[in-house]
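**Student:** Quick one: the structure is below, and I'll ask about it shortly.
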Amino acid sequence: MLELVFATNNAHKLEEVQAIVGSRFVLQSLDDIGCHDDIPETGVTFEENAKQKTDYLVSKYGLYCFGDDSGLEITALDNEPGVYSARYSGSRDMERNIDLVLEKLGDNPNRAARFRTVISLFLNEQQFFFEGSIEGQIVGSRKGTKGFGYDPIFVPNGYDKTFAEMAAEEKNRISHRAIAVGKLADFLKSY
Ligand code: ITT
């Protein structure tokens, strides 16, 4: 059994990932290790931000750990909001963040977008990255109330409903995060 710290305080995320990686790995949250610091996220790529989280834990605690960063990239907006997804409008207010995206896109016919997640893993003095993405389209107005973040305006390619109209199990089968975590889990299982 190997202990690994997941650089998150989101208990739901931790539980979900623990179930996927299996009982050979015991995952601990930042809270579990007594880390209440505001870990810097100042990178300009998801890779940099994910690595900042693990670098921080390695230098401060010397622990094996992984951390993730995700966001929405819209082709017609030069891949914005990207790493600024959580605070695109200047705050964490998702109503305003979504309004800003819809306003900037206007009636641009190019609605292509993707959600991306990058996971950084530090294990046995080595650095690994795992990535997941899902392509889709930004719709003209919000649809659905499930999920979080930009889910109400994102329709994955091959589907006719937004992430916010899907049951959690359906979204979690195909999402960027599910793909990246699946790769992490496969790697850990074969390690
Ligand atoms: P932590 O870093 O503390 O885990 P966070 O809110 O910053 O929380 P992420 O880095 O995973 O979470 O994602 C950044 C933003 O990207 C998030 O606040 C959402 O606005 C958006 N986002 C990420 N994944 C999403 C998803 O599955 N559905 C909708 N929006 C998502």
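Each chain in the structure tokens gets a letter, A, B and so on, in the order shown; residues start at 1 in every chain, and ligands are counted from 1 in the order they appear.
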Among the residues of region 79-187 of chain A, find those DSSP assigns to alpha helix (DSSP H) from the backbone and print them as number ranges by chain.
**Tutor:** A: 94-105, 168-174, 176-187
**Student:** Go ahead and dump the residues you just picked, C-alpha atoms, as an mmCIF file, in the first residue's frame.
**Tutor:**
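Saved as result18.cif:
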data_model
loop_
_atom_site.group_PDB
_atom_site.id
_atom_site.type_symbol
_atom_site.label_atom_id
_atom_site.label_comp_id
_atom_site.auth_asym_id
_atom_site.auth_seq_id
_atom_site.Cartn_x
_atom_site.Cartn_y
_atom_site.Cartn_z
ATOM 1 C CA MET A 94 -19.998 31.625 -12.615
ATOM 2 C CA GLU A 95 -23.034 33.630 -13.773
ATOM 3 C CA ARG A 96 -20.720 36.469 -14.740
ATOM 4 C CA ASN A 97 -18.062 34.140 -16.158
ATOM 5 C CA ILE A 98 -20.600 32.478 -18.464
ATOM 6 C CA ASP A 99 -22.125 35.841 -19.455
ATOM 7 C CA LEU A 100 -18.665 37.070 -20.425
ATOM 8 C CA VAL A 101 -18.006 34.008 -22.612
ATOM 9 C CA LEU A 102 -21.376 34.363 -24.380
ATOM 10 C CA GLU A 103 -20.849 38.099 -24.846
ATOM 11 C CA LYS A 104 -17.342 37.674 -26.279
ATOM 12 C CA LEU A 105 -18.487 34.919 -28.658
ATOM 13 C CA ALA A 168 -23.464 12.936 -13.220
ATOM 14 C CA GLU A 169 -22.654 9.310 -14.178
ATOM 15 C CA GLU A 170 -22.999 10.121 -17.874
ATOM 16 C CA LYS A 171 -20.756 13.190 -17.689
ATOM 17 C CA ASN A 172 -18.241 11.328 -15.508
ATOM 18 C CA ARG A 173 -17.937 8.554 -18.089
ATOM 19 C CA ILE A 174 -16.797 10.896 -20.866
ATOM 20 C CA HIS A 176 -11.868 15.453 -19.572
ATOM 21 C CA ARG A 177 -11.326 14.750 -15.853
ATOM 22 C CA ALA A 178 -12.495 11.134 -16.171
ATOM 23 C CA ILE A 179 -10.071 10.556 -19.063
ATOM 24 C CA ALA A 180 -7.086 12.059 -17.203
ATOM 25 C CA VAL A 181 -7.902 10.210 -13.958
ATOM 26 C CA GLY A 182 -8.343 6.965 -15.919
ATOM 27 C CA LYS A 183 -4.813 7.369 -17.321
ATOM 28 C CA LEU A 184 -3.450 8.091 -13.826
ATOM 29 C CA ALA A 185 -5.246 5.025 -12.445
ATOM 30 C CA ASP A 186 -3.939 2.741 -15.238
ATOM 31 C CA PHE A 187 -0.421 4.005 -14.587
#
**Student:** Please identify the residues whose atoms come within 10 Å of ligand 1, using only C-alpha atoms and all ligand atoms, and report them as number ranges by chain.
**Tutor:** A: 6-10, 13, 38-39, 41, 46, 49-50, 53, 67-73, 81-88, 92-94, 97-98, 115-118, 134, 146-154, 163-164, 171-172, 175-178
**Student:** Please identify the strand (DSSP E or B) residues within region 62-182 of chain A (assignment by DSSP from backbone atoms) and present them as a CSV table (one decimal) with all heavy atoms, in the first residue's frame.
**Tutor:**
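What ended up in part.csv:
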chain,number,residue,atom,x,y,z
A,65,CYS,N,2.8,12.7,-4.4
A,65,CYS,CA,1.5,13.5,-4.5
A,65,CYS,C,1.1,13.7,-6.0
A,65,CYS,O,2.0,13.5,-6.9
A,65,CYS,CB,1.7,14.8,-3.9
A,65,CYS,SG,3.1,15.8,-4.5
A,66,PHE,N,-0.1,14.0,-6.2
A,66,PHE,CA,-0.6,14.5,-7.5
A,66,PHE,C,-1.5,15.6,-7.4
A,66,PHE,O,-2.1,15.8,-6.3
A,66,PHE,CB,-1.1,13.3,-8.4
A,66,PHE,CG,-2.4,12.7,-7.8
A,66,PHE,CD1,-3.7,13.2,-8.3
A,66,PHE,CD2,-2.4,11.7,-6.9
A,66,PHE,CE1,-4.8,12.7,-7.8
A,66,PHE,CE2,-3.6,11.1,-6.4
A,66,PHE,CZ,-4.8,11.6,-6.8
A,67,GLY,N,-1.6,16.4,-8.4
A,67,GLY,CA,-2.6,17.6,-8.4
A,67,GLY,C,-3.0,17.8,-9.8
A,67,GLY,O,-2.4,17.4,-10.8
A,68,ASP,N,-4.2,18.5,-10.0
A,68,ASP,CA,-4.7,18.7,-11.3
A,68,ASP,C,-5.1,20.2,-11.5
A,68,ASP,O,-5.3,20.9,-10.6
A,68,ASP,CB,-6.0,17.8,-11.5
A,68,ASP,CG,-7.2,18.2,-10.7
A,68,ASP,OD1,-6.9,18.8,-9.6
A,68,ASP,OD2,-8.3,18.0,-11.1
A,69,ASP,N,-5.2,20.5,-12.8
A,69,ASP,CA,-5.7,21.8,-13.1
A,69,ASP,C,-6.5,21.6,-14.4
A,69,ASP,O,-6.2,20.8,-15.3
A,69,ASP,CB,-4.6,22.8,-13.4
A,69,ASP,CG,-5.1,24.2,-13.5
A,69,ASP,OD1,-6.1,24.6,-12.7
A,69,ASP,OD2,-4.6,25.1,-14.2
A,70,SER,N,-7.7,22.3,-14.5
A,70,SER,CA,-8.5,22.1,-15.7
A,70,SER,C,-9.2,23.4,-16.1
A,70,SER,O,-9.1,24.4,-15.3
A,70,SER,CB,-9.6,21.1,-15.5
A,70,SER,OG,-9.8,20.7,-14.2
A,71,GLY,N,-9.8,23.4,-17.2
A,71,GLY,CA,-10.5,24.6,-17.7
A,71,GLY,C,-11.1,24.4,-19.1
A,71,GLY,O,-10.9,23.4,-19.7
A,72,LEU,N,-11.7,25.5,-19.6
A,72,LEU,CA,-12.4,25.5,-20.9
A,72,LEU,C,-11.6,26.3,-21.9
A,72,LEU,O,-11.2,27.4,-21.5
A,72,LEU,CB,-13.8,26.1,-20.7
A,72,LEU,CG,-14.6,26.3,-21.9
A,72,LEU,CD1,-15.0,24.9,-22.5
A,72,LEU,CD2,-15.9,27.1,-21.6
A,73,GLU,N,-11.3,25.7,-23.0
A,73,GLU,CA,-10.6,26.5,-24.1
A,73,GLU,C,-11.6,26.7,-25.3
A,73,GLU,O,-12.1,25.7,-25.8
A,73,GLU,CB,-9.4,25.7,-24.6
A,73,GLU,CG,-8.3,25.5,-23.5
A,73,GLU,CD,-7.1,24.8,-24.0
A,73,GLU,OE1,-7.2,24.0,-25.0
A,73,GLU,OE2,-6.0,24.9,-23.4
A,74,ILE,N,-11.7,27.9,-25.7
A,74,ILE,CA,-12.7,28.2,-26.8
A,74,ILE,C,-11.8,28.7,-28.0
A,74,ILE,O,-11.1,29.7,-27.9
A,74,ILE,CB,-13.7,29.3,-26.4
A,74,ILE,CG1,-14.5,28.8,-25.2
A,74,ILE,CG2,-14.6,29.6,-27.5
A,74,ILE,CD1,-15.5,29.8,-24.6
A,80,GLU,N,-9.1,31.1,-24.8
A,80,GLU,CA,-9.6,31.6,-23.5
A,80,GLU,C,-10.9,30.9,-23.1
A,80,GLU,O,-11.6,30.4,-24.0
A,80,GLU,CB,-9.9,33.1,-23.6
A,80,GLU,CG,-8.7,34.0,-23.6
A,80,GLU,CD,-9.1,35.5,-23.5
A,80,GLU,OE1,-10.3,35.8,-23.3
A,80,GLU,OE2,-8.2,36.3,-23.6
A,81,PRO,N,-11.3,30.8,-21.9
A,81,PRO,CA,-10.7,31.4,-20.7
A,81,PRO,C,-9.5,30.5,-20.2
A,81,PRO,O,-8.7,31.0,-19.4
A,81,PRO,CB,-11.8,31.4,-19.6
A,81,PRO,CG,-12.8,30.4,-20.1
A,81,PRO,CD,-12.7,30.4,-21.6
A,112,ALA,N,-16.5,26.1,-31.6
A,112,ALA,CA,-15.7,25.0,-31.1
A,112,ALA,C,-15.0,25.3,-29.8
A,112,ALA,O,-14.5,26.4,-29.5
A,112,ALA,CB,-14.6,24.6,-32.1
A,113,ALA,N,-15.0,24.3,-28.9
A,113,ALA,CA,-14.3,24.4,-27.5
A,113,ALA,C,-14.0,23.1,-27.0
A,113,ALA,O,-14.4,22.0,-27.5
A,113,ALA,CB,-15.3,25.1,-26.6
A,114,ARG,N,-13.1,23.1,-26.0
A,114,ARG,CA,-12.8,21.8,-25.3
A,114,ARG,C,-12.5,22.1,-23.9
A,114,ARG,O,-12.0,23.1,-23.5
A,114,ARG,CB,-11.6,21.1,-26.0
A,114,ARG,CG,-10.2,21.7,-25.6
A,114,ARG,CD,-9.2,21.4,-26.7
A,114,ARG,NE,-9.7,21.9,-28.0
A,114,ARG,CZ,-9.5,23.2,-28.4
A,114,ARG,NH1,-9.0,24.1,-27.6
A,114,ARG,NH2,-10.0,23.6,-29.6
A,115,PHE,N,-12.9,21.1,-23.1
A,115,PHE,CA,-12.5,21.1,-21.7
A,115,PHE,C,-11.2,20.3,-21.6
A,115,PHE,O,-11.1,19.2,-22.2
A,115,PHE,CB,-13.5,20.4,-20.8
A,115,PHE,CG,-14.6,21.2,-20.3
A,115,PHE,CD1,-15.9,21.0,-20.7
A,115,PHE,CD2,-14.4,22.3,-19.5
A,115,PHE,CE1,-17.0,21.8,-20.2
A,115,PHE,CE2,-15.4,23.2,-19.1
A,115,PHE,CZ,-16.7,22.9,-19.4
A,116,ARG,N,-10.2,20.7,-20.8
A,116,ARG,CA,-9.0,20.0,-20.6
A,116,ARG,C,-8.6,19.9,-19.1
A,116,ARG,O,-8.9,20.8,-18.3
A,116,ARG,CB,-7.8,20.7,-21.3
A,116,ARG,CG,-7.7,20.5,-22.8
A,116,ARG,CD,-6.5,21.2,-23.4
A,116,ARG,NE,-5.3,20.7,-22.8
A,116,ARG,CZ,-4.2,21.4,-22.7
A,116,ARG,NH1,-4.2,22.7,-23.0
A,116,ARG,NH2,-3.1,20.9,-22.1
A,117,THR,N,-8.1,18.7,-18.8
A,117,THR,CA,-7.5,18.5,-17.4
A,117,THR,C,-6.1,18.0,-17.6
A,117,THR,O,-5.8,17.1,-18.4
A,117,THR,CB,-8.3,17.4,-16.7
A,117,THR,OG1,-9.6,17.9,-16.4
A,117,THR,CG2,-7.6,17.1,-15.3
A,118,VAL,N,-5.2,18.5,-16.8
A,118,VAL,CA,-3.8,18.0,-16.7
A,118,VAL,C,-3.5,17.6,-15.3
A,118,VAL,O,-3.8,18.4,-14.4
A,118,VAL,CB,-2.8,19.0,-17.2
A,118,VAL,CG1,-1.4,18.4,-17.0
A,118,VAL,CG2,-3.0,19.3,-18.7
A,119,ILE,N,-3.0,16.4,-15.1
A,119,ILE,CA,-2.7,15.9,-13.8
A,119,ILE,C,-1.1,15.8,-13.7
A,119,ILE,O,-0.5,15.2,-14.6
A,119,ILE,CB,-3.3,14.5,-13.5
A,119,ILE,CG1,-4.8,14.6,-13.4
A,119,ILE,CG2,-2.7,13.9,-12.1
A,119,ILE,CD1,-5.5,13.2,-13.3
A,120,SER,N,-0.6,16.3,-12.6
A,120,SER,CA,0.9,16.2,-12.4
A,120,SER,C,1.0,15.2,-11.2
A,120,SER,O,0.3,15.3,-10.2
A,120,SER,CB,1.5,17.6,-12.0
A,120,SER,OG,2.7,17.4,-11.3
A,121,LEU,N,1.9,14.2,-11.5
A,121,LEU,CA,2.2,13.2,-10.4
A,121,LEU,C,3.7,13.2,-10.1
A,121,LEU,O,4.5,13.2,-11.0
A,121,LEU,CB,1.8,11.8,-10.9
A,121,LEU,CG,2.2,10.6,-10.1
A,121,LEU,CD1,1.4,10.5,-8.8
A,121,LEU,CD2,2.0,9.3,-10.9
A,122,PHE,N,4.0,13.2,-8.8
A,122,PHE,CA,5.4,13.1,-8.4
A,122,PHE,C,5.5,11.8,-7.6
A,122,PHE,O,4.9,11.7,-6.5
A,122,PHE,CB,5.8,14.3,-7.6
A,122,PHE,CG,7.3,14.3,-7.2
A,122,PHE,CD1,8.2,14.7,-8.1
A,122,PHE,CD2,7.7,13.8,-6.0
A,122,PHE,CE1,9.6,14.7,-7.9
A,122,PHE,CE2,9.1,13.7,-5.7
A,122,PHE,CZ,10.0,14.2,-6.6
A,123,LEU,N,6.3,10.9,-8.1
A,123,LEU,CA,6.4,9.6,-7.4
A,123,LEU,C,7.8,9.0,-7.6
A,123,LEU,O,8.3,9.0,-8.7
A,123,LEU,CB,5.4,8.6,-8.1
A,123,LEU,CG,5.1,7.3,-7.5
A,123,LEU,CD1,4.6,7.3,-6.1
A,123,LEU,CD2,4.1,6.5,-8.4
A,126,GLN,N,10.3,11.0,-9.5
A,126,GLN,CA,10.0,11.3,-11.0
A,126,GLN,C,8.7,12.0,-11.2
A,126,GLN,O,7.8,11.9,-10.4
A,126,GLN,CB,9.9,9.9,-11.7
A,126,GLN,CG,11.2,9.3,-12.0
A,126,GLN,CD,11.0,8.0,-12.8
A,126,GLN,OE1,10.6,7.0,-12.2
A,126,GLN,NE2,11.3,8.0,-14.0
A,127,GLN,N,8.7,12.8,-12.3
A,127,GLN,CA,7.6,13.6,-12.6
A,127,GLN,C,6.8,13.0,-13.8
A,127,GLN,O,7.4,12.7,-14.8
A,127,GLN,CB,8.1,15.0,-13.0
A,127,GLN,CG,7.1,16.0,-13.6
A,127,GLN,CD,6.2,16.6,-12.5
A,127,GLN,OE1,6.7,17.1,-11.6
A,127,GLN,NE2,4.9,16.4,-12.7
A,128,PHE,N,5.5,12.9,-13.7
A,128,PHE,CA,4.7,12.4,-14.8
A,128,PHE,C,3.5,13.3,-15.0
A,128,PHE,O,3.0,14.0,-14.0
A,128,PHE,CB,4.1,11.0,-14.4
A,128,PHE,CG,5.2,10.0,-14.0
A,128,PHE,CD1,5.5,9.8,-12.7
A,128,PHE,CD2,5.8,9.2,-15.0
A,128,PHE,CE1,6.5,8.9,-12.3
A,128,PHE,CE2,6.8,8.3,-14.6
A,128,PHE,CZ,7.2,8.1,-13.3
A,129,PHE,N,3.0,13.3,-16.2
A,129,PHE,CA,1.8,14.1,-16.6
A,129,PHE,C,0.8,13.2,-17.2
A,129,PHE,O,1.1,12.3,-18.0
A,129,PHE,CB,2.1,15.3,-17.5
A,129,PHE,CG,2.9,16.4,-16.8
A,129,PHE,CD1,4.2,16.5,-17.1
A,129,PHE,CD2,2.2,17.3,-16.0
A,129,PHE,CE1,5.0,17.6,-16.5
A,129,PHE,CE2,3.0,18.3,-15.4
A,129,PHE,CZ,4.3,18.5,-15.6
A,130,PHE,N,-0.5,13.4,-17.0
A,130,PHE,CA,-1.6,12.7,-17.6
A,130,PHE,C,-2.6,13.8,-18.0
A,130,PHE,O,-2.9,14.7,-17.3
A,130,PHE,CB,-2.3,11.7,-16.6
A,130,PHE,CG,-1.3,10.8,-16.0
A,130,PHE,CD1,-0.7,11.1,-14.8
A,130,PHE,CD2,-0.9,9.6,-16.7
A,130,PHE,CE1,0.3,10.3,-14.3
A,130,PHE,CE2,0.1,8.8,-16.2
A,130,PHE,CZ,0.7,9.1,-15.0
A,131,GLU,N,-3.1,13.6,-19.3
A,131,GLU,CA,-4.0,14.6,-19.8
A,131,GLU,C,-5.3,14.0,-20.3
A,131,GLU,O,-5.3,12.9,-20.8
A,131,GLU,CB,-3.3,15.3,-21.0
A,131,GLU,CG,-4.2,16.4,-21.6
A,131,GLU,CD,-3.5,17.4,-22.5
A,131,GLU,OE1,-2.3,17.4,-22.6
A,131,GLU,OE2,-4.3,18.1,-23.2
A,132,GLY,N,-6.4,14.8,-20.1
A,132,GLY,CA,-7.7,14.4,-20.7
A,132,GLY,C,-8.4,15.6,-21.3
A,132,GLY,O,-8.2,16.7,-20.8
A,133,SER,N,-9.0,15.4,-22.5
A,133,SER,CA,-9.8,16.5,-23.0
A,133,SER,C,-11.0,16.0,-23.7
A,133,SER,O,-11.1,14.8,-24.1
A,133,SER,CB,-8.9,17.3,-24.0
A,133,SER,OG,-8.6,16.5,-25.1
A,134,ILE,N,-12.0,16.8,-23.9
A,134,ILE,CA,-13.2,16.5,-24.6
A,134,ILE,C,-13.6,17.7,-25.4
A,134,ILE,O,-13.7,18.8,-25.0
A,134,ILE,CB,-14.3,16.0,-23.7
A,134,ILE,CG1,-15.6,15.7,-24.5
A,134,ILE,CG2,-14.7,17.0,-22.5
A,134,ILE,CD1,-16.6,14.8,-23.8
A,135,GLU,N,-13.8,17.4,-26.7
A,135,GLU,CA,-14.2,18.5,-27.7
A,135,GLU,C,-15.7,18.7,-27.7
A,135,GLU,O,-16.5,17.7,-27.5
A,135,GLU,CB,-13.8,18.1,-29.1
A,135,GLU,CG,-12.3,17.8,-29.3
A,135,GLU,CD,-11.4,19.1,-29.3
A,135,GLU,OE1,-11.9,20.1,-29.7
A,135,GLU,OE2,-10.2,19.0,-28.9
A,136,GLY,N,-16.1,19.9,-28.0
A,136,GLY,CA,-17.5,20.2,-28.0
A,136,GLY,C,-17.8,21.5,-28.6
A,136,GLY,O,-17.0,22.1,-29.3
A,137,GLN,N,-19.0,22.0,-28.4
A,137,GLN,CA,-19.5,23.3,-28.9
A,137,GLN,C,-20.1,24.1,-27.8
A,137,GLN,O,-20.8,23.6,-26.9
A,137,GLN,CB,-20.6,23.0,-30.0
A,137,GLN,CG,-20.3,22.1,-31.1
A,137,GLN,CD,-19.2,22.7,-32.0
A,137,GLN,OE1,-19.3,23.8,-32.4
A,137,GLN,NE2,-18.2,21.9,-32.4
A,138,ILE,N,-19.9,25.5,-27.9
A,138,ILE,CA,-20.6,26.4,-27.0
A,138,ILE,C,-21.9,26.8,-27.5
A,138,ILE,O,-22.0,27.3,-28.7
A,138,ILE,CB,-19.7,27.6,-26.8
A,138,ILE,CG1,-18.3,27.3,-26.2
A,138,ILE,CG2,-20.4,28.6,-25.8
A,138,ILE,CD1,-18.3,26.6,-24.9
A,154,PHE,N,-21.9,24.0,-22.6
A,154,PHE,CA,-21.0,23.1,-23.3
A,154,PHE,C,-21.7,21.8,-23.7
A,154,PHE,O,-22.2,21.0,-22.9
A,154,PHE,CB,-19.8,22.7,-22.5
A,154,PHE,CG,-18.8,21.9,-23.2
A,154,PHE,CD1,-17.8,22.4,-24.0
A,154,PHE,CD2,-18.8,20.5,-23.0
A,154,PHE,CE1,-16.9,21.6,-24.7
A,154,PHE,CE2,-17.8,19.7,-23.7
A,154,PHE,CZ,-16.9,20.2,-24.5
A,155,VAL,N,-21.8,21.6,-25.1
A,155,VAL,CA,-22.4,20.3,-25.6
A,155,VAL,C,-21.2,19.5,-26.2
A,155,VAL,O,-20.6,19.9,-27.2
A,155,VAL,CB,-23.4,20.6,-26.7
A,155,VAL,CG1,-23.9,19.3,-27.3
A,155,VAL,CG2,-24.6,21.4,-26.1
A,156,PRO,N,-20.9,18.3,-25.6
A,156,PRO,CA,-19.8,17.5,-26.2
A,156,PRO,C,-20.2,17.0,-27.6
A,156,PRO,O,-21.4,16.7,-27.9
A,156,PRO,CB,-19.7,16.3,-25.2
A,156,PRO,CG,-20.9,16.4,-24.3
A,156,PRO,CD,-21.5,17.7,-24.4
**Student:** Tell me which of A:Val17, A:Thr145, A:Ala11, A:Asn157 sits closest to Leu30 (chain A), counting only C-alpha atoms.
**Tutor:**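 Closest to Leu30 (chain A), using only C-alpha atoms: A:Ala11.
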